[in-house]
$ cat run-v4.txt   # compact mmCIF, N, CA and C atoms
# COMPACT_ATOMS: atom_id res chain seq x y z
N MET A 1 28.36 27.57 15.10
CA MET A 1 27.00 27.12 14.86
C MET A 1 26.17 27.41 16.11
N PRO A 2 25.07 28.12 15.96
CA PRO A 2 24.26 28.48 17.13
C PRO A 2 23.56 27.26 17.71
N TYR A 3 23.31 27.35 19.01
CA TYR A 3 22.64 26.28 19.73
C TYR A 3 21.17 26.26 19.37
N ARG A 4 20.66 25.10 19.08
CA ARG A 4 19.23 24.96 18.77
C ARG A 4 18.60 24.00 19.77
N GLU A 5 17.46 24.40 20.29
CA GLU A 5 16.71 23.52 21.17
C GLU A 5 16.18 22.35 20.36
N ARG A 6 16.31 21.17 20.88
CA ARG A 6 15.73 20.01 20.23
C ARG A 6 14.28 19.89 20.64
N ASP A 7 13.46 19.52 19.70
CA ASP A 7 12.07 19.26 20.04
C ASP A 7 12.01 18.01 20.91
N ILE A 8 11.27 18.10 21.99
CA ILE A 8 11.12 16.96 22.87
C ILE A 8 9.91 16.17 22.40
N GLU A 9 10.15 14.94 22.09
CA GLU A 9 9.08 14.08 21.61
C GLU A 9 8.76 13.06 22.70
N LYS A 10 7.50 13.00 23.07
CA LYS A 10 7.09 12.04 24.09
C LYS A 10 7.14 10.63 23.52
N LYS A 11 7.53 9.69 24.38
CA LYS A 11 7.54 8.29 23.96
C LYS A 11 6.23 7.61 24.32
N TYR A 12 5.63 8.04 25.43
CA TYR A 12 4.41 7.40 25.90
C TYR A 12 3.35 8.44 26.21
N TYR A 13 2.11 8.06 25.93
CA TYR A 13 0.96 8.93 26.17
C TYR A 13 -0.04 8.18 27.04
N SER A 14 -0.69 8.90 27.92
CA SER A 14 -1.72 8.28 28.77
C SER A 14 -2.99 8.06 27.96
N ILE A 15 -3.87 7.25 28.49
CA ILE A 15 -5.12 6.99 27.79
C ILE A 15 -5.96 8.26 27.70
N GLY A 16 -5.84 9.13 28.70
CA GLY A 16 -6.56 10.40 28.65
C GLY A 16 -6.07 11.29 27.53
N GLU A 17 -4.77 11.33 27.32
CA GLU A 17 -4.20 12.13 26.23
C GLU A 17 -4.64 11.58 24.87
N VAL A 18 -4.66 10.27 24.75
CA VAL A 18 -5.07 9.64 23.48
C VAL A 18 -6.54 9.92 23.22
N ALA A 19 -7.37 9.75 24.24
CA ALA A 19 -8.81 9.99 24.09
C ALA A 19 -9.07 11.46 23.75
N GLU A 20 -8.35 12.36 24.38
CA GLU A 20 -8.51 13.79 24.09
C GLU A 20 -8.10 14.10 22.66
N HIS A 21 -7.05 13.48 22.19
CA HIS A 21 -6.56 13.69 20.82
C HIS A 21 -7.64 13.34 19.80
N PHE A 22 -8.37 12.25 20.05
CA PHE A 22 -9.41 11.80 19.12
C PHE A 22 -10.80 12.32 19.50
N LYS A 23 -10.87 13.04 20.61
CA LYS A 23 -12.14 13.59 21.09
C LYS A 23 -13.17 12.49 21.32
N VAL A 24 -12.73 11.44 22.01
CA VAL A 24 -13.60 10.33 22.40
C VAL A 24 -13.40 10.06 23.89
N ALA A 25 -14.26 9.23 24.44
CA ALA A 25 -14.14 8.85 25.84
C ALA A 25 -13.03 7.82 26.02
N THR A 26 -12.42 7.83 27.20
CA THR A 26 -11.38 6.85 27.48
C THR A 26 -11.94 5.43 27.43
N SER A 27 -13.22 5.28 27.79
CA SER A 27 -13.83 3.94 27.75
C SER A 27 -13.84 3.38 26.33
N LEU A 28 -13.98 4.23 25.32
CA LEU A 28 -13.97 3.76 23.94
C LEU A 28 -12.58 3.23 23.56
N ILE A 29 -11.54 3.93 24.01
CA ILE A 29 -10.17 3.46 23.74
C ILE A 29 -9.96 2.10 24.40
N ARG A 30 -10.41 1.95 25.65
CA ARG A 30 -10.28 0.66 26.34
C ARG A 30 -11.07 -0.43 25.62
N TYR A 31 -12.26 -0.07 25.15
CA TYR A 31 -13.09 -1.03 24.42
C TYR A 31 -12.41 -1.48 23.13
N TRP A 32 -11.89 -0.53 22.37
CA TRP A 32 -11.20 -0.87 21.13
C TRP A 32 -9.97 -1.73 21.42
N GLU A 33 -9.31 -1.46 22.53
CA GLU A 33 -8.15 -2.27 22.90
C GLU A 33 -8.55 -3.74 23.04
N GLY A 34 -9.73 -4.00 23.60
CA GLY A 34 -10.21 -5.37 23.74
C GLY A 34 -10.68 -5.98 22.44
N GLU A 35 -11.15 -5.16 21.52
CA GLU A 35 -11.70 -5.65 20.26
C GLU A 35 -10.66 -5.82 19.16
N PHE A 36 -9.61 -5.03 19.20
CA PHE A 36 -8.60 -5.05 18.13
C PHE A 36 -7.26 -5.53 18.70
N ASP A 37 -6.76 -6.62 18.13
CA ASP A 37 -5.50 -7.21 18.60
C ASP A 37 -4.29 -6.31 18.33
N ILE A 38 -4.42 -5.38 17.40
CA ILE A 38 -3.26 -4.56 17.03
C ILE A 38 -2.95 -3.49 18.08
N ILE A 39 -3.90 -3.19 18.96
CA ILE A 39 -3.67 -2.19 20.02
C ILE A 39 -3.21 -2.91 21.27
N ARG A 40 -1.97 -2.75 21.61
CA ARG A 40 -1.40 -3.37 22.80
C ARG A 40 -0.52 -2.36 23.54
N PRO A 41 -1.12 -1.45 24.30
CA PRO A 41 -0.28 -0.48 25.03
C PRO A 41 0.49 -1.16 26.15
N LYS A 42 1.59 -0.57 26.50
CA LYS A 42 2.36 -1.06 27.65
C LYS A 42 1.63 -0.61 28.90
N LYS A 43 1.79 -1.36 29.97
CA LYS A 43 1.18 -0.98 31.24
C LYS A 43 2.27 -0.85 32.29
N ASP A 44 2.13 0.20 33.12
CA ASP A 44 3.11 0.38 34.18
C ASP A 44 2.73 -0.48 35.39
N LYS A 45 3.47 -0.34 36.48
CA LYS A 45 3.24 -1.17 37.67
C LYS A 45 1.85 -0.98 38.25
N LYS A 46 1.29 0.21 38.07
CA LYS A 46 -0.05 0.49 38.58
C LYS A 46 -1.14 0.01 37.63
N GLY A 47 -0.76 -0.41 36.44
CA GLY A 47 -1.74 -0.87 35.46
C GLY A 47 -2.21 0.22 34.51
N ASN A 48 -1.60 1.41 34.60
CA ASN A 48 -1.96 2.50 33.70
C ASN A 48 -1.42 2.21 32.31
N ARG A 49 -2.24 2.45 31.33
CA ARG A 49 -1.84 2.21 29.95
C ARG A 49 -0.92 3.32 29.47
N ARG A 50 0.11 2.94 28.72
CA ARG A 50 1.05 3.89 28.13
C ARG A 50 1.11 3.59 26.63
N PHE A 51 0.57 4.50 25.84
CA PHE A 51 0.49 4.32 24.40
C PHE A 51 1.69 4.95 23.70
N THR A 52 2.23 4.22 22.73
CA THR A 52 3.32 4.74 21.91
C THR A 52 2.72 5.44 20.69
N THR A 53 3.55 6.12 19.93
CA THR A 53 3.06 6.76 18.71
C THR A 53 2.57 5.70 17.72
N ASP A 54 3.17 4.52 17.74
CA ASP A 54 2.71 3.43 16.88
C ASP A 54 1.30 3.00 17.27
N ASP A 55 1.04 2.89 18.58
CA ASP A 55 -0.31 2.57 19.05
C ASP A 55 -1.31 3.63 18.60
N ILE A 56 -0.91 4.88 18.68
CA ILE A 56 -1.79 5.99 18.31
C ILE A 56 -2.10 5.95 16.82
N GLU A 57 -1.12 5.59 16.00
CA GLU A 57 -1.36 5.48 14.56
C GLU A 57 -2.35 4.35 14.27
N LYS A 58 -2.26 3.26 15.02
CA LYS A 58 -3.21 2.16 14.84
C LYS A 58 -4.61 2.58 15.27
N ILE A 59 -4.70 3.34 16.35
CA ILE A 59 -5.99 3.85 16.81
C ILE A 59 -6.53 4.83 15.78
N ARG A 60 -5.66 5.63 15.18
CA ARG A 60 -6.09 6.57 14.15
C ARG A 60 -6.74 5.82 12.97
N LEU A 61 -6.18 4.68 12.59
CA LEU A 61 -6.75 3.89 11.50
C LEU A 61 -8.12 3.34 11.91
N ILE A 62 -8.21 2.82 13.13
CA ILE A 62 -9.49 2.30 13.62
C ILE A 62 -10.52 3.42 13.69
N TYR A 63 -10.11 4.56 14.20
CA TYR A 63 -11.00 5.72 14.29
C TYR A 63 -11.51 6.10 12.89
N HIS A 64 -10.61 6.12 11.94
CA HIS A 64 -10.97 6.46 10.57
C HIS A 64 -11.99 5.47 10.00
N LEU A 65 -11.72 4.19 10.19
CA LEU A 65 -12.62 3.17 9.64
C LEU A 65 -13.99 3.20 10.32
N VAL A 66 -14.00 3.30 11.64
CA VAL A 66 -15.26 3.18 12.39
C VAL A 66 -16.02 4.50 12.44
N LYS A 67 -15.35 5.57 12.80
CA LYS A 67 -16.05 6.85 13.01
C LYS A 67 -16.23 7.66 11.73
N GLU A 68 -15.24 7.65 10.85
CA GLU A 68 -15.32 8.48 9.65
C GLU A 68 -15.91 7.73 8.46
N LYS A 69 -15.55 6.47 8.30
CA LYS A 69 -16.05 5.69 7.16
C LYS A 69 -17.34 4.93 7.50
N GLY A 70 -17.63 4.75 8.78
CA GLY A 70 -18.87 4.10 9.19
C GLY A 70 -18.86 2.59 9.18
N TYR A 71 -17.67 1.98 9.21
CA TYR A 71 -17.59 0.53 9.26
C TYR A 71 -18.04 0.03 10.63
N THR A 72 -18.58 -1.19 10.65
CA THR A 72 -18.84 -1.84 11.93
C THR A 72 -17.49 -2.29 12.49
N LEU A 73 -17.48 -2.68 13.76
CA LEU A 73 -16.23 -3.17 14.34
C LEU A 73 -15.75 -4.42 13.60
N GLN A 74 -16.68 -5.29 13.27
CA GLN A 74 -16.31 -6.51 12.54
C GLN A 74 -15.75 -6.18 11.16
N GLY A 75 -16.37 -5.22 10.48
CA GLY A 75 -15.87 -4.82 9.16
C GLY A 75 -14.48 -4.21 9.25
N ALA A 76 -14.26 -3.38 10.26
CA ALA A 76 -12.94 -2.77 10.46
C ALA A 76 -11.91 -3.84 10.78
N GLN A 77 -12.30 -4.82 11.60
CA GLN A 77 -11.37 -5.91 11.95
C GLN A 77 -10.97 -6.70 10.71
N GLU A 78 -11.92 -6.95 9.83
CA GLU A 78 -11.62 -7.71 8.61
C GLU A 78 -10.67 -6.93 7.70
N ILE A 79 -10.89 -5.64 7.57
CA ILE A 79 -10.01 -4.82 6.73
C ILE A 79 -8.60 -4.81 7.31
N ILE A 80 -8.50 -4.66 8.62
CA ILE A 80 -7.19 -4.61 9.27
C ILE A 80 -6.47 -5.95 9.14
N LYS A 81 -7.18 -7.06 9.32
CA LYS A 81 -6.55 -8.38 9.19
C LYS A 81 -6.08 -8.62 7.76
N LYS A 82 -6.87 -8.16 6.79
CA LYS A 82 -6.53 -8.38 5.38
C LYS A 82 -5.30 -7.57 4.97
N ASP A 83 -5.20 -6.35 5.49
CA ASP A 83 -4.12 -5.45 5.09
C ASP A 83 -3.17 -5.12 6.26
N LEU A 84 -2.90 -6.09 7.10
CA LEU A 84 -2.10 -5.85 8.31
C LEU A 84 -0.73 -5.25 8.00
N HIS A 85 -0.10 -5.71 6.92
CA HIS A 85 1.24 -5.21 6.58
C HIS A 85 1.22 -3.77 6.08
N GLN A 86 0.04 -3.26 5.68
CA GLN A 86 -0.06 -1.91 5.15
C GLN A 86 -0.58 -0.90 6.16
N ILE A 87 -0.82 -1.31 7.39
CA ILE A 87 -1.41 -0.41 8.40
C ILE A 87 -0.59 0.85 8.62
N PRO A 88 0.73 0.77 8.83
CA PRO A 88 1.48 2.02 9.05
C PRO A 88 1.37 2.99 7.88
N ASP A 89 1.43 2.47 6.65
CA ASP A 89 1.33 3.33 5.47
C ASP A 89 -0.03 3.99 5.38
N LYS A 90 -1.09 3.22 5.62
CA LYS A 90 -2.44 3.76 5.55
C LYS A 90 -2.67 4.80 6.64
N ALA A 91 -2.21 4.51 7.86
CA ALA A 91 -2.40 5.45 8.96
C ALA A 91 -1.68 6.76 8.68
N ALA A 92 -0.47 6.67 8.15
CA ALA A 92 0.29 7.88 7.82
C ALA A 92 -0.39 8.66 6.70
N MET A 93 -0.92 7.95 5.71
CA MET A 93 -1.59 8.61 4.60
C MET A 93 -2.86 9.31 5.09
N ILE A 94 -3.62 8.65 5.93
CA ILE A 94 -4.85 9.26 6.48
C ILE A 94 -4.50 10.50 7.28
N ASN A 95 -3.47 10.42 8.08
CA ASN A 95 -3.04 11.57 8.88
C ASN A 95 -2.64 12.73 7.98
N ARG A 96 -1.87 12.45 6.96
CA ARG A 96 -1.42 13.51 6.05
C ARG A 96 -2.58 14.12 5.28
N LEU A 97 -3.51 13.31 4.83
CA LEU A 97 -4.68 13.83 4.13
C LEU A 97 -5.54 14.70 5.04
N ASN A 98 -5.66 14.32 6.30
CA ASN A 98 -6.40 15.15 7.26
C ASN A 98 -5.71 16.48 7.48
N GLN A 99 -4.38 16.47 7.53
CA GLN A 99 -3.63 17.72 7.67
C GLN A 99 -3.87 18.63 6.47
N ILE A 100 -3.84 18.06 5.28
CA ILE A 100 -4.08 18.84 4.06
C ILE A 100 -5.51 19.39 4.06
N LYS A 101 -6.46 18.57 4.45
CA LYS A 101 -7.86 19.00 4.52
C LYS A 101 -8.02 20.21 5.44
N HIS A 102 -7.42 20.13 6.63
CA HIS A 102 -7.53 21.24 7.59
C HIS A 102 -6.84 22.49 7.05
N PHE A 103 -5.72 22.31 6.38
CA PHE A 103 -5.01 23.43 5.79
C PHE A 103 -5.86 24.11 4.72
N LEU A 104 -6.47 23.32 3.85
CA LEU A 104 -7.32 23.87 2.79
C LEU A 104 -8.56 24.56 3.38
N MET A 105 -9.12 23.98 4.42
CA MET A 105 -10.28 24.60 5.06
C MET A 105 -9.89 25.94 5.70
N GLU A 106 -8.70 26.00 6.25
CA GLU A 106 -8.21 27.24 6.84
C GLU A 106 -8.04 28.31 5.76
N ILE A 107 -7.50 27.93 4.61
CA ILE A 107 -7.35 28.86 3.49
C ILE A 107 -8.72 29.35 3.03
N ARG A 108 -9.67 28.42 2.89
CA ARG A 108 -11.02 28.79 2.48
C ARG A 108 -11.65 29.77 3.47
N ASP A 109 -11.51 29.50 4.75
CA ASP A 109 -12.08 30.38 5.77
C ASP A 109 -11.43 31.76 5.73
N ASN A 110 -10.12 31.81 5.51
CA ASN A 110 -9.42 33.09 5.41
C ASN A 110 -9.88 33.88 4.19
N LEU A 111 -10.07 33.18 3.07
CA LEU A 111 -10.53 33.85 1.87
C LEU A 111 -11.96 34.36 2.03
N ASN A 112 -12.82 33.56 2.64
CA ASN A 112 -14.20 33.98 2.88
C ASN A 112 -14.26 35.15 3.86
N GLY A 113 -13.37 35.15 4.83
CA GLY A 113 -13.34 36.25 5.80
C GLY A 113 -12.88 37.55 5.17
N LYS A 114 -11.95 37.48 4.23
CA LYS A 114 -11.44 38.68 3.57
C LYS A 114 -12.41 39.18 2.51
N ALA A 115 -13.21 38.26 1.94
CA ALA A 115 -14.15 38.66 0.89
C ALA A 115 -15.35 39.41 1.46
N ASN A 116 -15.69 39.17 2.73
CA ASN A 116 -16.86 39.82 3.35
C ASN A 116 -16.60 41.21 3.72
$ encode --input "run-v4.txt" --output "structure tokens"
Amino acid sequence: MPYRERDIEKKYYSIGEVAEHFKVATSLIRYWEGEFDIIRPKKDKKGNRRFTTDDIEKIRLIYHLVKEKGYTLQGAQEIIKKDLHQIPDKAAMINRLNQIKHFLMEIRDNLNGKAN
């Protein structure tokens, strides 16, 4: 059996990496951390935040509710509190739907490019 490299998966991400992923300022991530109880990154000895993939999925849900759906922070908080047990499922579904959307847009762009 041939040797296969294992994909290296990071366990922790810096606040800069998280902010870059969502294309927002780091201050917004810090602000949401104070507003939403579900975001609790670990902090190292220096006080730097270390986000797990679970934290990122929770931020993805907040981002979706606030930035994409247009909810106020209070409205997003109410939805999250009401459906707290369903957050991982919703975050995963939103992520998958976004992947499908980007894939379909890529196909559309390729077809439009070939038609011209």
$ closest_residue --input "run-v4.txt" --among "A:Ile39, A:Ile59, A:Ala76, A:Leu111" --to "Val18 in chain A" --atoms "only C-alpha atoms"
A:Ile59
$ select_by_dssp --input "run-v4.txt" --residues "range 4-48 of chain A" --states "alpha helix (DSSP H)" --output "PyMOL selection string"
chain A and resi 15-22+26-35
$ write_last_selection --input "run-v4.txt" --atoms "N, CA and C atoms" --output "mmCIF file, in the frame of the given file"
data_model
loop_
_atom_site.group_PDB
_atom_site.id
_atom_site.type_symbol
_atom_site.label_atom_id
_atom_site.label_comp_id
_atom_site.auth_asym_id
_atom_site.auth_seq_id
_atom_site.Cartn_x
_atom_site.Cartn_y
_atom_site.Cartn_z
ATOM 1 N N ILE A 15 -3.870 7.250 28.490
ATOM 2 C CA ILE A 15 -5.120 6.990 27.790
ATOM 3 C C ILE A 15 -5.960 8.260 27.700
ATOM 4 N N GLY A 16 -5.840 9.130 28.700
ATOM 5 C CA GLY A 16 -6.560 10.400 28.650
ATOM 6 C C GLY A 16 -6.070 11.290 27.530
ATOM 7 N N GLU A 17 -4.770 11.330 27.320
ATOM 8 C CA GLU A 17 -4.200 12.130 26.230
ATOM 9 C C GLU A 17 -4.640 11.580 24.870
ATOM 10 N N VAL A 18 -4.660 10.270 24.750
ATOM 11 C CA VAL A 18 -5.070 9.640 23.480
ATOM 12 C C VAL A 18 -6.540 9.920 23.220
ATOM 13 N N ALA A 19 -7.370 9.750 24.240
ATOM 14 C CA ALA A 19 -8.810 9.990 24.090
ATOM 15 C C ALA A 19 -9.070 11.460 23.750
ATOM 16 N N GLU A 20 -8.350 12.360 24.380
ATOM 17 C CA GLU A 20 -8.510 13.790 24.090
ATOM 18 C C GLU A 20 -8.100 14.100 22.660
ATOM 19 N N HIS A 21 -7.050 13.480 22.190
ATOM 20 C CA HIS A 21 -6.560 13.690 20.820
ATOM 21 C C HIS A 21 -7.640 13.340 19.800
ATOM 22 N N PHE A 22 -8.370 12.250 20.050
ATOM 23 C CA PHE A 22 -9.410 11.800 19.120
ATOM 24 C C PHE A 22 -10.800 12.320 19.500
ATOM 25 N N THR A 26 -12.420 7.830 27.200
ATOM 26 C CA THR A 26 -11.380 6.850 27.480
ATOM 27 C C THR A 26 -11.940 5.430 27.430
ATOM 28 N N SER A 27 -13.220 5.280 27.790
ATOM 29 C CA SER A 27 -13.830 3.940 27.750
ATOM 30 C C SER A 27 -13.840 3.380 26.330
ATOM 31 N N LEU A 28 -13.980 4.230 25.320
ATOM 32 C CA LEU A 28 -13.970 3.760 23.940
ATOM 33 C C LEU A 28 -12.580 3.230 23.560
ATOM 34 N N ILE A 29 -11.540 3.930 24.010
ATOM 35 C CA ILE A 29 -10.170 3.460 23.740
ATOM 36 C C ILE A 29 -9.960 2.100 24.400
ATOM 37 N N ARG A 30 -10.410 1.950 25.650
ATOM 38 C CA ARG A 30 -10.280 0.660 26.340
ATOM 39 C C ARG A 30 -11.070 -0.430 25.620
ATOM 40 N N TYR A 31 -12.260 -0.070 25.150
ATOM 41 C CA TYR A 31 -13.090 -1.030 24.420
ATOM 42 C C TYR A 31 -12.410 -1.480 23.130
ATOM 43 N N TRP A 32 -11.890 -0.530 22.370
ATOM 44 C CA TRP A 32 -11.200 -0.870 21.130
ATOM 45 C C TRP A 32 -9.970 -1.730 21.420
ATOM 46 N N GLU A 33 -9.310 -1.460 22.530
ATOM 47 C CA GLU A 33 -8.150 -2.270 22.900
ATOM 48 C C GLU A 33 -8.550 -3.740 23.040
ATOM 49 N N GLY A 34 -9.730 -4.000 23.600
ATOM 50 C CA GLY A 34 -10.210 -5.370 23.740
ATOM 51 C C GLY A 34 -10.680 -5.980 22.440
ATOM 52 N N GLU A 35 -11.150 -5.160 21.520
ATOM 53 C CA GLU A 35 -11.700 -5.650 20.260
ATOM 54 C C GLU A 35 -10.660 -5.820 19.160
#
$ closest_residue --input "run-v4.txt" --among "A:Asn98, A:Ser27, A:Ser14, A:Asn112" --to "Glu68 in chain A" --atoms "only C-alpha atoms"
A:Asn98
$ atom_distance --input "run-v4.txt" --atom1 "atom N of Leu65 in chain A" --atom2 "atom C of Lys42 in chain A"
23.5 Å
$ residues_near_point --input "run-v4.txt" --point "(-2.0, 6.5, 22.3)" --cutoff "8 Å" --atoms "only C-alpha atoms" --output "NGL selection string"
:A and (12-15 or 17-19 or 41 or 50-57 or 59)
$ select_by_dssp --input "run-v4.txt" --residues "chain A" --states "strand (DSSP E or B)" --output "ChimeraX atom specification"
/A:13,42-43,49-51
$ closest_residue --input "run-v4.txt" --among "A:Leu61, A:Leu73, A:Met105, A:Leu28" --to "Ala92 in chain A" --atoms "only C-alpha atoms"
A:Leu61
$ atom_distance --input "run-v4.txt" --atom1 "atom N of Lys82 in chain A" --atom2 "atom N of Glu20 in chain A"
27.1 Å
$ residues_around --input "run-v4.txt" --residues "Phe22 in chain A" --least-positions-apart "6" --cutoff "8 Å" --atoms "only N, CA and C atoms" --output "ChimeraX atom specification"
/A:16,60,63
